[in-house]
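Novice: Compact mmCIF, C-alpha atoms and all ligand atoms, saved as final-v6.txt, coming up:
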# COMPACT_ATOMS: atom_id res chain seq x y z
CA MET Y 1444 -2.87 49.82 1.22
CA ALA Y 1445 0.40 50.75 2.93
CA PRO Y 1446 0.46 50.26 6.72
CA PRO Y 1447 0.18 53.48 8.77
CA PHE Y 1448 3.52 55.19 9.25
CA ARG Y 1449 3.95 55.30 13.02
CA LEU Y 1450 7.03 56.76 14.67
CA GLU Y 1451 7.86 56.29 18.35
CA PHE Y 1452 10.86 57.68 20.21
CA VAL Y 1453 12.99 54.81 21.56
CA MET Y 1454 16.29 56.13 22.90
CA SER Y 1455 19.32 58.34 22.35
CA ALA Y 1456 22.80 56.92 21.82
CA ASP Y 1457 26.25 58.48 21.97
CA HIS Y 1458 27.83 55.71 19.91
CA VAL Y 1459 26.73 53.64 16.93
CA ASP Y 1460 27.36 50.47 18.95
CA ARG Y 1461 24.73 51.48 21.52
CA LEU Y 1462 21.85 51.76 19.04
CA PRO Y 1463 19.16 49.06 19.28
CA PRO Y 1464 19.35 46.13 16.89
CA VAL Y 1465 16.96 46.64 13.97
CA ARG Y 1466 16.54 45.00 10.59
CA ALA Y 1467 17.01 48.25 8.64
CA GLU Y 1468 17.03 51.97 9.23
CA VAL Y 1469 17.09 55.37 7.56
CA ALA Y 1470 18.95 58.41 8.86
CA VAL Y 1471 18.15 62.11 8.66
CA VAL Y 1472 20.96 64.67 8.56
CA GLY Y 1473 20.91 68.41 7.99
CA ARG Y 1474 22.14 71.69 9.37
CA SER Y 1475 20.25 73.22 12.26
CA ASN Y 1476 17.08 75.07 11.27
CA VAL Y 1477 16.72 73.23 7.97
CA GLY Y 1478 13.39 71.84 9.16
CA LYS Y 1479 14.52 68.41 10.38
CA SER Y 1480 12.29 68.24 13.47
CA SER Y 1481 9.29 69.54 11.54
CA LEU Y 1482 9.83 66.88 8.88
CA ILE Y 1483 10.12 64.04 11.40
CA ASN Y 1484 6.96 65.25 13.10
CA ALA Y 1485 5.18 65.38 9.74
CA LEU Y 1486 6.38 61.91 8.73
CA GLY Y 1487 5.18 60.48 12.03
CA ASN Y 1488 2.06 62.64 11.99
CA ARG Y 1489 2.84 63.64 15.56
CA LYS Y 1490 3.10 67.29 16.50
CA ALA Y 1491 5.87 67.19 19.09
CA LEU Y 1492 7.57 63.90 18.34
CA ALA Y 1493 10.96 65.28 17.34
CA HIS Y 1494 11.06 67.86 20.12
CA VAL Y 1495 12.63 65.12 22.15
CA SER Y 1496 15.70 65.45 19.92
CA LYS Y 1497 15.95 69.09 20.92
CA THR Y 1498 15.79 68.56 24.67
CA PRO Y 1499 18.96 69.34 26.63
CA GLY Y 1500 21.35 66.42 26.55
CA ARG Y 1501 19.94 64.94 23.36
CA THR Y 1502 20.87 67.54 20.74
CA GLN Y 1503 24.28 65.98 20.20
CA LEU Y 1504 23.16 62.36 20.24
CA LEU Y 1505 21.80 59.90 17.72
CA ASN Y 1506 18.06 59.87 18.44
CA CYS Y 1507 16.30 56.66 17.51
CA PHE Y 1508 12.63 56.46 16.47
CA ALA Y 1509 11.02 53.09 15.85
CA ILE Y 1510 8.94 52.84 12.69
CA GLY Y 1511 5.74 50.80 12.87
CA LYS Y 1512 6.26 47.67 14.93
CA GLY Y 1513 9.89 48.54 15.58
CA GLU Y 1514 11.90 46.24 13.37
CA THR Y 1515 12.94 49.32 11.40
CA ALA Y 1516 13.98 52.75 12.64
CA LEU Y 1517 14.65 56.35 11.74
CA ILE Y 1518 17.77 57.91 13.24
CA ASP Y 1519 17.78 61.67 13.77
CA CYS Y 1520 21.41 62.79 13.63
CA PRO Y 1521 22.55 65.99 15.37
CA GLY Y 1522 22.14 69.08 13.24
CA TYR Y 1523 25.50 70.14 11.89
CA GLY Y 1524 26.75 73.69 11.83
CA TYR Y 1525 25.81 74.76 15.32
CA ALA Y 1526 28.13 77.75 15.40
CA ALA Y 1527 27.55 77.94 19.14
CA ALA Y 1528 28.72 74.41 19.94
CA PRO Y 1529 32.04 74.60 21.71
CA GLY Y 1530 34.96 73.15 19.78
CA ARG Y 1531 35.43 70.27 22.19
CA VAL Y 1532 31.80 69.17 21.86
CA ARG Y 1533 31.92 69.47 18.07
CA ALA Y 1534 35.13 67.48 18.07
CA GLN Y 1535 33.27 64.69 19.87
CA TRP Y 1536 30.05 64.48 17.90
CA ARG Y 1537 31.51 64.80 14.43
CA PRO Y 1538 33.41 61.50 14.71
CA MET Y 1539 30.28 60.00 16.30
CA ILE Y 1540 28.11 60.95 13.29
CA GLU Y 1541 30.79 59.93 10.81
CA ARG Y 1542 31.28 56.58 12.52
CA TYR Y 1543 27.53 56.03 12.49
CA LEU Y 1544 27.13 56.96 8.81
CA LEU Y 1545 30.11 54.82 7.77
CA GLN Y 1546 29.75 51.78 10.01
CA ARG Y 1547 26.06 51.12 10.59
CA ALA Y 1548 25.40 47.99 8.55
CA GLN Y 1549 21.60 48.37 8.70
CA LEU Y 1550 21.64 51.90 7.32
CA ALA Y 1551 19.67 51.74 4.06
CA MET Y 1552 19.40 55.44 3.23
CA ILE Y 1553 20.63 58.80 4.46
CA MET Y 1554 18.22 61.67 3.86
CA VAL Y 1555 20.21 64.88 3.47
CA LEU Y 1556 17.93 67.80 4.21
CA VAL Y 1557 18.47 70.99 2.23
CA ASP Y 1558 16.48 74.17 2.76
CA GLY Y 1559 14.25 74.50 -0.31
CA GLU Y 1560 13.91 78.22 0.22
CA ILE Y 1561 17.59 79.15 0.51
CA GLY Y 1562 19.23 76.22 -1.29
CA PRO Y 1563 22.23 74.12 -0.26
CA THR Y 1564 24.74 75.79 2.06
CA LYS Y 1565 28.48 75.17 2.04
CA LEU Y 1566 28.03 72.66 4.87
CA ASP Y 1567 25.34 70.80 2.92
CA VAL Y 1568 27.64 70.56 -0.10
CA GLN Y 1569 30.47 69.35 2.15
CA MET Y 1570 28.18 66.66 3.56
CA LEU Y 1571 27.13 65.55 0.06
CA ASP Y 1572 30.75 65.45 -1.12
CA TRP Y 1573 31.71 63.40 1.92
CA LEU Y 1574 28.85 60.92 1.38
CA ARG Y 1575 29.75 60.58 -2.30
CA SER Y 1576 33.42 60.04 -1.63
CA ASN Y 1577 32.53 57.35 0.91
CA VAL Y 1578 29.91 55.83 -1.41
CA ARG Y 1579 27.10 56.01 1.15
CA PRO Y 1580 23.47 55.77 -0.04
CA HIS Y 1581 21.82 59.17 0.19
CA THR Y 1582 18.88 61.19 -1.10
CA VAL Y 1583 18.48 64.96 -1.00
CA VAL Y 1584 15.20 66.01 0.57
CA ALA Y 1585 14.47 69.70 0.13
CA THR Y 1586 12.27 71.29 2.81
CA LYS Y 1587 9.87 74.28 3.00
CA HIS Y 1588 8.23 73.76 -0.42
CA ASP Y 1589 5.43 76.11 0.66
CA LYS Y 1590 7.87 78.98 1.18
CA VAL Y 1591 8.65 79.20 -2.53
CA LYS Y 1592 6.00 80.77 -4.79
CA SER Y 1593 4.46 78.23 -7.17
CA SER Y 1594 5.63 80.26 -10.18
CA ALA Y 1595 9.24 80.03 -8.96
CA ARG Y 1596 9.29 76.32 -8.06
CA LEU Y 1597 10.44 74.90 -11.38
CA GLY Y 1598 13.41 77.26 -11.47
CA ARG Y 1599 14.16 76.68 -7.79
CA ARG Y 1600 14.13 72.91 -8.26
CA ALA Y 1601 16.69 73.31 -11.05
CA GLU Y 1602 18.84 75.55 -8.82
CA LEU Y 1603 18.60 73.13 -5.90
CA ALA Y 1604 19.61 70.27 -8.17
CA SER Y 1605 22.58 72.05 -9.71
CA GLY Y 1606 23.72 73.24 -6.26
CA CYS Y 1607 23.69 69.59 -5.15
CA GLN Y 1608 25.13 68.31 -8.45
CA LEU Y 1609 21.99 66.28 -9.15
CA ASP Y 1610 19.23 66.07 -11.73
CA PRO Y 1611 16.05 68.01 -10.85
CA ASP Y 1612 14.09 64.74 -10.68
CA ASP Y 1613 16.46 63.40 -8.01
CA ILE Y 1614 15.33 65.99 -5.47
CA VAL Y 1615 12.43 65.09 -3.20
CA TRP Y 1616 10.78 68.34 -2.18
CA VAL Y 1617 8.43 68.47 0.77
CA SER Y 1618 6.55 70.84 3.03
CA ALA Y 1619 6.13 69.79 6.65
CA GLU Y 1620 3.83 72.77 7.05
CA LYS Y 1621 1.41 71.90 4.23
CA GLY Y 1622 2.04 68.16 3.98
CA THR Y 1623 3.24 68.41 0.36
CA GLY Y 1624 5.25 65.34 -0.64
CA ILE Y 1625 5.07 63.74 2.81
CA GLU Y 1626 3.11 60.67 1.73
CA HIS Y 1627 5.50 60.23 -1.21
CA LEU Y 1628 8.46 60.41 1.19
CA ARG Y 1629 6.81 57.84 3.48
CA ASP Y 1630 6.48 55.55 0.45
CA LEU Y 1631 10.16 56.05 -0.35
CA VAL Y 1632 11.16 55.26 3.25
CA ARG Y 1633 9.07 52.05 3.12
CA LEU Y 1634 10.80 51.14 -0.13
CA TRP Y 1635 14.30 51.82 1.22
CA LEU Y 1636 13.55 49.71 4.29
CA SER Y 1637 11.98 46.81 2.42
P1 LIG Y 1701 15.54 71.88 12.73
O1 LIG Y 1701 16.43 72.78 13.53
O2 LIG Y 1701 16.23 71.41 11.50
O3 LIG Y 1701 14.94 70.75 13.51
O4 LIG Y 1701 14.36 72.80 12.17
P2 LIG Y 1701 12.85 72.99 12.66
O5 LIG Y 1701 11.99 71.85 12.28
O6 LIG Y 1701 12.84 73.40 14.08
O7 LIG Y 1701 12.42 74.20 11.72
C1 LIG Y 1701 13.14 75.43 11.68
C2 LIG Y 1701 12.19 76.54 11.29
O8 LIG Y 1701 11.69 76.32 9.98
C3 LIG Y 1701 10.97 76.62 12.20
O9 LIG Y 1701 10.62 77.97 12.38
C4 LIG Y 1701 9.90 75.90 11.40
O10 LIG Y 1701 8.60 76.34 11.72
C5 LIG Y 1701 10.27 76.25 9.97
N1 LIG Y 1701 9.84 75.20 9.04
C6 LIG Y 1701 10.21 73.90 9.05
N2 LIG Y 1701 9.59 73.23 8.04
C7 LIG Y 1701 8.82 74.13 7.39
C8 LIG Y 1701 7.94 74.05 6.25
O11 LIG Y 1701 7.73 73.01 5.61
N3 LIG Y 1701 7.34 75.21 5.88
C9 LIG Y 1701 7.53 76.39 6.53
N4 LIG Y 1701 6.89 77.47 6.06
N5 LIG Y 1701 8.35 76.49 7.59
C10 LIG Y 1701 8.99 75.38 8.02
Transcribe the structure of this file into structure tokens.
Ligand code: GDP
Specialist:
Amino acid sequence: MAPPFRLEFVMSADHVDRLPPVRAEVAVVGRSNVGKSSLINALGNRKALAHVSKTPGRTQLLNCFAIGKGETALIDCPGYGYAAAPGRVRAQWRPMIERYLLQRAQLAMIMVLVDGEIGPTKLDVQMLDWLRSNVRPHTVVATKHDKVKSSARLGRRAELASGCQLDPDDIVWVSAEKGTGIEHLRDLVRLWLS
């Protein structure tokens, strides 16, 4: 049986070079409100785990969560598309995220969260294009599976896939609310980190 998937907040960093040394890690990116905190909480089976990423001073940092015994980690990247973030702040954290996504040698997979109810936004597509053009490993994880009626899910999966220029089978679709697909995603994370 797979070991329990435990997540523990470790620290926040304002630069890739200040992250703790780990053997391997996965990152989570997505626009604000996509369901990133809810997903991290669901993965770690801890109700308020990712709230720490939303506390003042941490929203624009790379937030590091140790997985299991801590030789691997999950990095919660700042949500992109905060319309309210002042230009100067945005100008600082965008290079920080880009540097992290491009330079972190241990980064095994980048989970790009897309809202399963509303589909990929322009910013999501921009992120996917950027990851593709830089040949960075990534997987689209659609959120809020429970918000789409079961009769509409097949069609929605096809729409999500075409919006992301992927095959329907390439999309991992989860519900943090109902737990749908969470164990499967934990298995994928274990695989990526192995
Ligand atoms: P973040 O800004 O990306 O961290 O997003 P949050 O995790 O805070 O979620 C944004 C909103 O979407 C909140 O109101 C959540 O309750 C809701 N939400 C997130 N995941 C799900 C889900 O799987 N199902 C449903 N129904 N709502 C969700």
Novice: Within 6 Å of ligand LIG 1701 (chain Y), counting all atoms listed in the file, which protein or nucleic acid residues do you find, written as number ranges by chain?
Specialist: Y: 1475-1481, 1586-1587, 1589-1590, 1618-1620
Novice: Find the spatial neighbours of Gly1524 of chain Y, counting only C-alpha atoms, within a cut-off of 10 Å - ignore same-chain residues fewer than 6 positions away - and output them as a ChimeraX atom specification.
Specialist: /Y:1473-1476,1533,1566-1567
Novice: Work out where the centre of an axis-aligned box around every listed atom of segment 1548-1555 of chain Y lies and how long its edges are once 4 Å is added on each side; give both in Å to one decimal as lines of an AutoDock Vina configuration file.
Specialist:
center_x = 21.8
center_y = 56.4
center_z = 6.0
size_x = 15.2
size_y = 24.9
size_z = 13.5
Novice: Set the distance at 9 Å and use all atoms listed in the file: which residues neighbour Pro1463 of chain Y once local chain neighbours fewer than 6 positions away are removed? I'd like the list as a list in words.
Specialist: Val1453, Met1454 and Cys1507 of chain Y
Novice: Given only C-alpha atoms as the basis, pick out the residue of Y:Pro1464, Y:Leu1492, Y:Thr1498, Y:Val1472 nearest to Gly1522 of chain Y.
Specialist: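 Closest to Gly1522 of chain Y, using only C-alpha atoms: Y:Val1472.
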Novice: What's around His1581 of chain Y at 10 Å? Count only C-alpha atoms, leave out sequence neighbours fewer than 6 positions away in its own chain, and write the answer as a PyMOL selection string.
Specialist: chain Y and resi 1469-1471+1551-1555+1571+1574-1575
Novice: Looking at only C-alpha atoms, which of Y:Gly1511, Y:Asn1484, Y:Leu1603, Y:Trp1536 is the one that sits closest to Ala1445 of chain Y?
Specialist: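 Answer, going by the shortest atom-to-atom distance: Y:Gly1511.
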Novice: Hey, can you check how far atom CA of Arg1600 of chain Y sits from atom CA of Arg1579 of chain Y?
Specialist: 23.3 Å
Novice: Env of Leu1462 of chain Y: 10 Å cut, atoms = only C-alpha atoms, seq-sep filter 6 positions within chain, self excluded. Answer as a list in words.
Specialist: Val1453, Met1454, Ser1455, Ala1456, Leu1505, Asn1506, Cys1507, Ile1518, Tyr1543 and Arg1547 of chain Y
Novice: One decimal, Å: what's the distance from atom CA of Thr1515 of chain Y over to atom CA of Leu1544 of chain Y, could you say?
Specialist: 16.3 Å
Novice: So how far away is atom CA of Ala1493 of chain Y from atom CA of Pro1446 of chain Y, in Å?
Specialist: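 Calculated distance between atom CA of Pro1446 of chain Y and atom CA of Ala1493 of chain Y is 21.2 Å.
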Novice: Which is closest to Val1617 of chain Y among Y:Arg1596, Y:His1588, Y:His1458, Y:Arg1633, if we use only C-alpha atoms?
Specialist: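 Of Y:Arg1596, Y:His1588, Y:His1458, Y:Arg1633, the one nearest Val1617 of chain Y is Y:His1588, counting only C-alpha atoms.
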Novice: Between Y:Phe1508, Y:Trp1635, Y:Tyr1523, Y:Trp1573, which residue has the minimum interatomic distance to Leu1545 of chain Y, considering all atoms listed in the file?
Specialist: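 Selected residue with least distance to Leu1545 of chain Y: Y:Trp1573.
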Novice: Which one is closest to Val1568 of chain Y: Y:Leu1631, Y:Val1615, Y:Val1583, Y:Leu1450? Count only C-alpha atoms.
Specialist: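 Selected residue with least distance to Val1568 of chain Y: Y:Val1583.
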Novice: Using all atoms listed in the file, determine which residues lie at most 6 Å from Ala1585 of chain Y, disregarding the query and same-chain residues fewer than 2 positions distant; provide the list as a ChimeraX atom specification.
Specialist: /Y:1556-1559,1616
